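Participant: Sharing a structure below in structure tokens format, with a few things to ask.
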Protein chains: 2
Amino acid sequence: MQRILSTDLIRHLGETVTVAGWIHRRRLLKSVGFLVLRDAAGFTQVVADPAGLRELAEESVVEVTGTATGSEQAPGGVELTGPSIRVLSAVSVPLPLELHRPALTATLPTQLDHAALALRHPARTAALRVSAAATAGFRAALDRQRFVEIHTPKIVASATESGANVFRLDYFGRPGYLAQSPQFYKQLMVGVFERVYEVGPVFRAEPHDTARHLAEYTSLDAELGFIRDHRDVMAVLTSVLSVMAEAVAPYASLAVPAEIPSVAFPEALRIAGAPDDEPDLAPAHERAVGEWARREHGSEFVYVTGYPMAKRPFYTHPDPADPRYSNGFDLLFRGVELVTGGQRLHRYDDYAAALGGDLTPYAGYLDGFRYGMPPHGGFAIGLERFVARLLRAANVREVTAFPRDLHRIAP
Amino acid sequence: MQRILSTDLIRHLGETVTVAGWIHRRRLLKSVGFLVLRDAAGFTQVVADPAGLRELAEESVVEVTGTATGSEQAPGGVELTGPSIRVLSAVSVPLPLELHRPALTATLPTQLDHAALALRHPARTAALRVSAAATAGFRAALDRQRFVEIHTPKIVASATESGANVFRLDYFGRPGYLAQSPQFYKQLMVGVFERVYEVGPVFRAEPHDTARHLAEYTSLDAELGFIRDHRDVMAVLTSVLSVMAEAVAPYASLAVPAEIPSVAFPEALRIAGAPDDEPDLAPAHERAVGEWARREHGSEFVYVTGYPMAKRPFYTHPDPADPRYSNGFDLLFRGVELVTGGQRLHRYDDYAAALGGDLTPYAGYLDGFRYGMPPHGGFAIGLERFVARLLRAANVREVTAFPRDLHRIAP
């Protein structure tokens with residue numbers, strides 16, 4: 001008999017149907033037993049003689065055929081009665097953590113050690129669904145604006161982007177590195193498609209063991225050509241965020257203003273009460289600016305524009321009106337940096353001047369600028385950080401299926 | 001003035017408009033000069049006094065304001081006359097290859113060395129658009145069938161999947177490896193979502209220097225639970241391929257039969273005239289089976305099912321009727337293997353028996369099966385191979401933006 005999902009049961013009242021899933025919870029009373037069966041869509045309550053359920057450990061996978069019977073007590077108003085149960089996969093060992101409570105009570109390390117099991121908890125599952133929905137929203141927003149999806153290499157020849165925090169590997173006997181971002185490649189691809197995006201892993205040999213750093217995470221990258229300056233990039237980012245907010249709406253509420261408030265860097269320092277010669281915003285300053293945006297504009301988002309050039313990467317375009325400052329921006333979400341972006345240099349001579357010295361390690365990258373590149377810019381959203389802040393998770397690892405960090409490389 | 005795209009020019013006949021792009025071609029006659037401007041949408045012909053065009057090298061990026069004028073000779077029936085030209089980015093060096101001929105005449109190594117330039121050629125660009133469209137089709141087909149997109153780690157703790165051809169890296173002073181596929185993780189995620197897919201890079205330290213091997217490529221992976229056997233996996237794959245065919249239809253024609261012909265492995269050997277004790281299909285055998293499918297069924301695709309267990313990976317589910325054979329399949333496309341898939345083992349004891357010996361390196365993986373997993377299976381499509389065969393490219397590198405192989409790690 002064709003299996004149906006738990007959420008379809010209500011449409012089959014009185015019929016004999018088959019459901020299948022994991023035994024989420026087993027309760028045996030004296031004269032009656034209950035199974036709560038979990039499938040991809042939800043839960044089904046199965047009522048049976050307790051004797052027949054004694055051997056069925058939680059998380060065993062079973063197929064249950066029975067009668068869909070209306071019941072006020074059952075979840076969804078329907079339960080399965082008179083069941084015959086076929087075991088597809090029996091669990092014969094104690095579970096290292098309990099899945100049937102509303103919240104996972106196991107410590108985070110225990111959850112991560114037993115990810116294959118812990119991720120089945122509805123709270124962990126929901127976070128990964130948010131992740132998938134946010135990614136789909138990111139792509140849908142950019143597809144509509146004629147961006148083209150690209151796939152760029154994660155193995156690269158030199159640790160050129162920042163030099164630090166890079167993983168080194170043995171590439172057929174030569175040194176190779178894992179890309180810290182698709183930055184160089186997405187810029188080159190602006191020369192091909194004008195507008196590109198990539199969803200892919202990035203790698204940071206991050207020596208800090210914090211609640212928000214991962215050694216590998218998913219980066220949502222976009223880059224576009226023929227811009228006036230960084231404000232065109234911000235407009236695209238705002239529109240992308242609003243489609244991402246729609247996409248995650250079934251799981252979490254997120255209000256993205258049509259016009260996200262924006263403050264220039266010196267003004268951000270003033271709002272935060274910071275000395276006016278600070279070259280960057282400290283976390284406390286970001287919180288103050290976030291608080292200001294909420295108070296003054298009712299917005300959970302705020303752009304800070306025109307960071308000093310001193311703290312931005314070499315490919316950053318200076319502000320033509322005052323070259324000490326950049327055409328770069330950060331987007332703060334609830335008082336923490338979520339996105340970094342900006343206008344990039346686009347002329348070969350500007351790159352040669354910004355880099356100085358031996359340009360050989362940058363040859364393949366600089367080729368793009370040598371052969372004509374329009375004014376362009378872009379941004380990158382860290383997917384796990386976005387989801388963690390959206391769901392107010394205390395640790396980014398709670399929303400990551402199999403996190404990688406200083407101490408963890410498995411499972 | 002707001003820039004318009006080349007394809008919109010025809011809607012502005014008689015108006016003053018601005019276009020922008022790369023100088024694809026410059027032709028200077030005695031009394032008149034022509035620029036062919038390339039943008040993301042197509043080409044614009046610009047007619048001007050030849051004197052004003054002399055300094056404008058090909059691939060320079062320019063913004064041109066002029067009058068949209070009907071012209072029978074011009075591409076799209078319209079050209080830009082009376083132009084004023086602003087240079088956004090000037091090219092001052094000779095180009096290492098010519099982009100304006102219908103086919104790229106530069107050798108493949110020259111194209112790959114200068115990828116930032118060569119990829120701008122319309123033939124190379126089209127292949128990458130096919131790649132993007134095929135990927136979107138893959139996702140759309142699976143989204144409709146309630147698959148959930150996942151992101152799994154590319155840095156893994158052990159070289160467990162096959163042992164050979166794996167890249168080794170320094171992970172905070174410990175050994176780490178690049179994942180050869182998301183196989184283990186997508187299986188574990190069947191325990192979470194029942195149906196999952198991933199689009200991501202996979203890494204093979206492939207020592208063969210051939211026209212179809214890459215050291216890094218994009219894998220389109222899917223895995224689904226609660227299957228009867230491998231035939232359910234094949235049904236999903238067939239439906240996915242038909243949506244991918246629709247998605248690439250603007251670029252290339254691909255007929256996917258509603259029912260792809262299928263032959264059992266021993267029958268495939270007979271069709272190929274191979275000895276009946278061969279454990280696998282050699283390339284010549286695959287060609288023969290492909291030829292048979294075209295001749296007998298008018299199909300460019302053919303499934304070969306039930307490969308001998310001896311040649312399939314340890315997680316392969318045997319055929320219950322004859323355990324020498326597997327519930328695994330290959331899909332041949334135009335006589336070459338395109339997809340490998342099948343049903344997997346789903347019980348812990350079966351894994352313990354199949355692996356034997358010390359199970360410690362597999363602990364995180366086997367956890368999933370220890371705690372209940374339904375019958376499941378899946379498949380993986382190599383994106384670049386799919387595009388190369390679809391477009392009948394002689395070398396998979398022709399359809400890969402920045403290929404990685406035994407000899408190449410840059411750009």
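Each chain of the structure tokens is named A, B, ... in the order shown, its residues numbered from 1; ligands are numbered from 1 in display order.
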DSSP says helix (DSSP H, G or I) for which residues of segment 40-163 of chain A? Put them as a PyMOL selection string?
Facilitator: chain A and resi 50-53+75-77+108-113+115-118+122-144
Participant: Could you name the residues that touch segment 5-8 of chain B at 7 Å or less, counting only C-alpha atoms, but leaving out those on the same chain fewer than 5 positions away, as a compact mmCIF listing (two decimals) with C-alpha atoms, in the first residue's frame?
Facilitator:
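Contents of the output file out21.txt:
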# COMPACT_ATOMS: atom_id res chain seq x y z
CA VAL B 19 24.38 51.46 -23.63
CA ASP B 39 26.92 43.39 -22.93
CA ALA B 41 22.34 40.47 -23.22
CA GLY B 42 23.98 40.67 -26.64
CA PHE B 43 25.57 43.10 -29.09
CA THR B 44 25.09 46.71 -30.20
Participant: If you take only C-alpha atoms and a cut-off of 7 Å, which residues of chain A touch chain B, and what are their nearest atom pairs and distances in Å to one decimal, in chain and number order, as a Markdown table?
Facilitator:
| residue | atom | partner | partner_atom | distance |
| --- | --- | --- | --- | --- |
| A:Ala40 | CA | B:Phe193 | CA | 5.4 |
| A:Glu59 | CA | B:Gly372 | CA | 5.4 |
| A:Ser60 | CA | B:Gly372 | CA | 4.9 |
| A:Val61 | CA | B:Gly372 | CA | 5.6 |
| A:Leu88 | CA | B:Pro374 | CA | 6.3 |
| A:Ser89 | CA | B:Gly372 | CA | 5.5 |
| A:Ala90 | CA | B:Gly372 | CA | 6.2 |
| A:Val91 | CA | B:Tyr371 | CA | 5.6 |
| A:Ala116 | CA | B:Gly368 | CA | 5.0 |
| A:Leu117 | CA | B:Gly368 | CA | 6.5 |
| A:Leu119 | CA | B:Val192 | CA | 6.3 |
| A:Arg120 | CA | B:Val192 | CA | 4.8 |
| A:Thr125 | CA | B:Val192 | CA | 6.9 |
| A:Ala132 | CA | B:Glu149 | CA | 5.4 |
| A:Val148 | CA | B:Ala132 | CA | 6.8 |
| A:Glu149 | CA | B:Ala132 | CA | 5.4 |
| A:Ile150 | CA | B:Ala132 | CA | 6.7 |
| A:Thr152 | CA | B:Phe402 | CA | 6.6 |
| A:Pro153 | CA | B:Phe402 | CA | 6.5 |
| A:Val156 | CA | B:Ile409 | CA | 6.1 |
| A:Ala157 | CA | B:Ile409 | CA | 5.6 |
| A:Phe167 | CA | B:Asp170 | CA | 6.5 |
| A:Arg168 | CA | B:Leu169 | CA | 5.8 |
| A:Leu169 | CA | B:Leu169 | CA | 4.0 |
| A:Asp170 | CA | B:Arg168 | CA | 5.9 |
| A:Tyr171 | CA | B:Phe167 | CA | 6.9 |
| A:Phe172 | CA | B:Leu406 | CA | 6.6 |
| A:Leu188 | CA | B:Ala116 | CA | 5.7 |
| A:Gly191 | CA | B:Arg120 | CA | 7.0 |
| A:Val192 | CA | B:Arg120 | CA | 4.8 |
| A:Phe193 | CA | B:Ala40 | CA | 5.4 |
| A:Glu194 | CA | B:Ala40 | CA | 6.0 |
| A:Gly200 | CA | B:Gly200 | CA | 6.6 |
| A:Arg347 | CA | B:Ser89 | CA | 6.2 |
| A:Gly364 | CA | B:Pro411 | CA | 4.6 |
| A:Tyr365 | CA | B:Pro411 | CA | 6.9 |
| A:Asp367 | CA | B:Ala116 | CA | 6.3 |
| A:Gly368 | CA | B:Ala116 | CA | 5.0 |
| A:Arg370 | CA | B:Val91 | CA | 6.4 |
| A:Tyr371 | CA | B:Val91 | CA | 5.6 |
| A:Gly372 | CA | B:Ser60 | CA | 4.9 |
| A:Met373 | CA | B:Ser89 | CA | 6.1 |
| A:Pro374 | CA | B:Val61 | CA | 6.1 |
| A:Phe402 | CA | B:Pro153 | CA | 6.5 |
| A:Leu406 | CA | B:Phe172 | CA | 6.5 |
| A:Ile409 | CA | B:Ala157 | CA | 5.6 |
| A:Ala410 | CA | B:Ala157 | CA | 5.8 |
| A:Pro411 | CA | B:Gly364 | CA | 4.7 |
Participant: Please identify all polymer residues within 7 Å of Gly137 of chain B, counting only C-alpha atoms, omitting same-chain residues fewer than 5 positions from it, and present them as a compact mmCIF listing (two decimals) with C-alpha atoms, in the first residue's frame.
Facilitator:
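Result file part06.txt:
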# COMPACT_ATOMS: atom_id res chain seq x y z
CA VAL B 243 13.20 19.13 -15.82
CA MET B 244 16.90 19.78 -16.46
CA ALA B 247 15.74 24.25 -18.20
Participant: Nearest to Pro83 of chain A among A:Gly52, A:Ser326, A:Gln145, A:Gln111, with distances taken over only C-alpha atoms: which residue is it?
Facilitator: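 Residue with the minimum atom-to-atom distance to Pro83 of chain A: A:Gly52.
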Participant: So which residues of segment 8-92 of chain A fall under strand (DSSP E or B) by DSSP, listed as an MDAnalysis selection string?
Facilitator: chainID A and resid 16:28 33:38 43:48 61:70 78:89
Participant: Which segment 200-301 of chain A residues have any atom within 10 Å of an atom of segment 334-344 of chain A, and for each, what is the nearest pair of atoms with distance in Å to one decimal, counting only C-alpha atoms, rows sorted by chain and number, as JSON lines?
Facilitator:
{"residue": "A:Leu220", "atom": "CA", "partner": "A:Val339", "partner_atom": "CA", "distance": 9.8}
{"residue": "A:Asp221", "atom": "CA", "partner": "A:Gly341", "partner_atom": "CA", "distance": 9.8}
{"residue": "A:Ala222", "atom": "CA", "partner": "A:Gly341", "partner_atom": "CA", "distance": 9.4}
{"residue": "A:Glu223", "atom": "CA", "partner": "A:Gly341", "partner_atom": "CA", "distance": 9.3}
{"residue": "A:Leu224", "atom": "CA", "partner": "A:Gln343", "partner_atom": "CA", "distance": 9.4}
{"residue": "A:Gly225", "atom": "CA", "partner": "A:Gln343", "partner_atom": "CA", "distance": 9.6}
{"residue": "A:Ile227", "atom": "CA", "partner": "A:Gln343", "partner_atom": "CA", "distance": 8.3}
{"residue": "A:Arg228", "atom": "CA", "partner": "A:Gln343", "partner_atom": "CA", "distance": 9.0}
{"residue": "A:Asp229", "atom": "CA", "partner": "A:Gln343", "partner_atom": "CA", "distance": 5.9}
{"residue": "A:His230", "atom": "CA", "partner": "A:Gln343", "partner_atom": "CA", "distance": 4.8}
{"residue": "A:Arg231", "atom": "CA", "partner": "A:Gly342", "partner_atom": "CA", "distance": 8.2}
{"residue": "A:Asp232", "atom": "CA", "partner": "A:Gln343", "partner_atom": "CA", "distance": 9.0}
{"residue": "A:Val233", "atom": "CA", "partner": "A:Gly342", "partner_atom": "CA", "distance": 6.8}
{"residue": "A:Met234", "atom": "CA", "partner": "A:Gly342", "partner_atom": "CA", "distance": 8.0}
{"residue": "A:Leu237", "atom": "CA", "partner": "A:Val339", "partner_atom": "CA", "distance": 9.1}
{"residue": "A:Leu281", "atom": "CA", "partner": "A:Glu337", "partner_atom": "CA", "distance": 9.7}
{"residue": "A:Ala282", "atom": "CA", "partner": "A:Val336", "partner_atom": "CA", "distance": 10.0}
{"residue": "A:Pro283", "atom": "CA", "partner": "A:Val336", "partner_atom": "CA", "distance": 7.1}
{"residue": "A:Ala284", "atom": "CA", "partner": "A:Gly335", "partner_atom": "CA", "distance": 8.6}
{"residue": "A:His285", "atom": "CA", "partner": "A:Gly335", "partner_atom": "CA", "distance": 8.5}
{"residue": "A:Glu286", "atom": "CA", "partner": "A:Gly335", "partner_atom": "CA", "distance": 5.2}
{"residue": "A:Arg287", "atom": "CA", "partner": "A:Gly335", "partner_atom": "CA", "distance": 4.1}
{"residue": "A:Ala288", "atom": "CA", "partner": "A:Gly335", "partner_atom": "CA", "distance": 7.0}
{"residue": "A:Val289", "atom": "CA", "partner": "A:Gly335", "partner_atom": "CA", "distance": 6.6}
{"residue": "A:Gly290", "atom": "CA", "partner": "A:Gly335", "partner_atom": "CA", "distance": 3.9}
{"residue": "A:Glu291", "atom": "CA", "partner": "A:Gly335", "partner_atom": "CA", "distance": 6.6}
{"residue": "A:Trp292", "atom": "CA", "partner": "A:Gly335", "partner_atom": "CA", "distance": 9.2}
{"residue": "A:Ala293", "atom": "CA", "partner": "A:Gly335", "partner_atom": "CA", "distance": 8.8}
{"residue": "A:Arg294", "atom": "CA", "partner": "A:Arg334", "partner_atom": "CA", "distance": 8.4}
{"residue": "A:Ser299", "atom": "CA", "partner": "A:Arg334", "partner_atom": "CA", "distance": 8.7}
{"residue": "A:Glu300", "atom": "CA", "partner": "A:Arg334", "partner_atom": "CA", "distance": 5.2}
{"residue": "A:Phe301", "atom": "CA", "partner": "A:Arg334", "partner_atom": "CA", "distance": 6.4}
Participant: Suppose we keep C-alpha atoms; can you now write the selection as an mmCIF file, in the first residue's frame?
Facilitator:
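Result went into again_39.cif, see below:
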data_model
loop_
_atom_site.group_PDB
_atom_site.id
_atom_site.type_symbol
_atom_site.label_atom_id
_atom_site.label_comp_id
_atom_site.auth_asym_id
_atom_site.auth_seq_id
_atom_site.Cartn_x
_atom_site.Cartn_y
_atom_site.Cartn_z
ATOM 1 C CA LEU A 220 26.039 33.683 -0.237
ATOM 2 C CA ASP A 221 28.080 35.821 -2.614
ATOM 3 C CA ALA A 222 26.940 38.313 -5.229
ATOM 4 C CA GLU A 223 28.834 40.717 -7.474
ATOM 5 C CA LEU A 224 27.575 43.152 -10.109
ATOM 6 C CA GLY A 225 29.039 45.424 -12.750
ATOM 7 C CA ILE A 227 27.367 50.329 -10.857
ATOM 8 C CA ARG A 228 27.597 53.976 -9.973
ATOM 9 C CA ASP A 229 29.078 53.196 -6.565
ATOM 10 C CA HIS A 230 28.441 51.100 -3.443
ATOM 11 C CA ARG A 231 24.900 52.434 -3.101
ATOM 12 C CA ASP A 232 23.824 50.358 -6.100
ATOM 13 C CA VAL A 233 25.218 47.296 -4.322
ATOM 14 C CA MET A 234 23.308 48.191 -1.152
ATOM 15 C CA LEU A 237 21.372 43.653 -1.065
ATOM 16 C CA LEU A 281 33.592 49.716 14.925
ATOM 17 C CA ALA A 282 34.101 47.581 18.033
ATOM 18 C CA PRO A 283 31.275 45.147 18.938
ATOM 19 C CA ALA A 284 29.965 47.596 21.570
ATOM 20 C CA HIS A 285 29.845 50.334 18.920
ATOM 21 C CA GLU A 286 27.929 48.058 16.551
ATOM 22 C CA ARG A 287 25.432 47.343 19.298
ATOM 23 C CA ALA A 288 24.979 51.069 19.944
ATOM 24 C CA VAL A 289 24.407 51.784 16.253
ATOM 25 C CA GLY A 290 21.960 48.882 16.043
ATOM 26 C CA GLU A 291 20.106 50.250 19.076
ATOM 27 C CA TRP A 292 19.998 53.695 17.477
ATOM 28 C CA ALA A 293 18.531 52.264 14.241
ATOM 29 C CA ARG A 294 15.832 50.462 16.164
ATOM 30 C CA SER A 299 14.702 48.983 11.873
ATOM 31 C CA GLU A 300 16.591 45.835 12.861
ATOM 32 C CA PHE A 301 18.979 46.565 9.995
#
Participant: Tell me which of A:Ala127, A:Arg25, A:Gly382, A:Ser242 sits closest to Arg101 of chain A, counting only C-alpha atoms.
Facilitator: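 Smallest separation from Arg101 of chain A among the options: A:Arg25.
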Participant: With only C-alpha atoms as the basis for distance, which of B:His297, B:Gly82, B:Val196, B:Asp280 is at the shortest distance from Arg312 of chain B?
Facilitator: B:Asp280
Participant: In Å, rounded to a single decimal, give me how far atom CA of Arg204 of chain B is from atom CA of Thr238 of chain B.
Facilitator: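 Pair atom CA of Thr238 of chain B / atom CA of Arg204 of chain B returns 26.5 Å.
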Participant: What does the distance from atom CA of Val46 of chain A to atom CA of Lys186 of chain B come to in Å, to one decimal?
Facilitator: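 That distance, rounded to one decimal, is 29.1 Å.
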Participant: Which is closer to Leu331 of chain B than all the others in B:Ala393, B:Leu345, B:Ala274, B:Ile260, using only C-alpha atoms?
Facilitator: B:Ile260
Participant: Atom CA of Leu99 of chain A and atom CA of Arg392 of chain A are how many Å apart?
Facilitator: 21.0 Å
Participant: Write out as a PyMOL selection string the residues lying within 9 Å of Arg212 of chain B, counting only C-alpha atoms and excluding same-chain residues fewer than 4 positions away.
Facilitator: chain B and resi 384-385+388+394-397
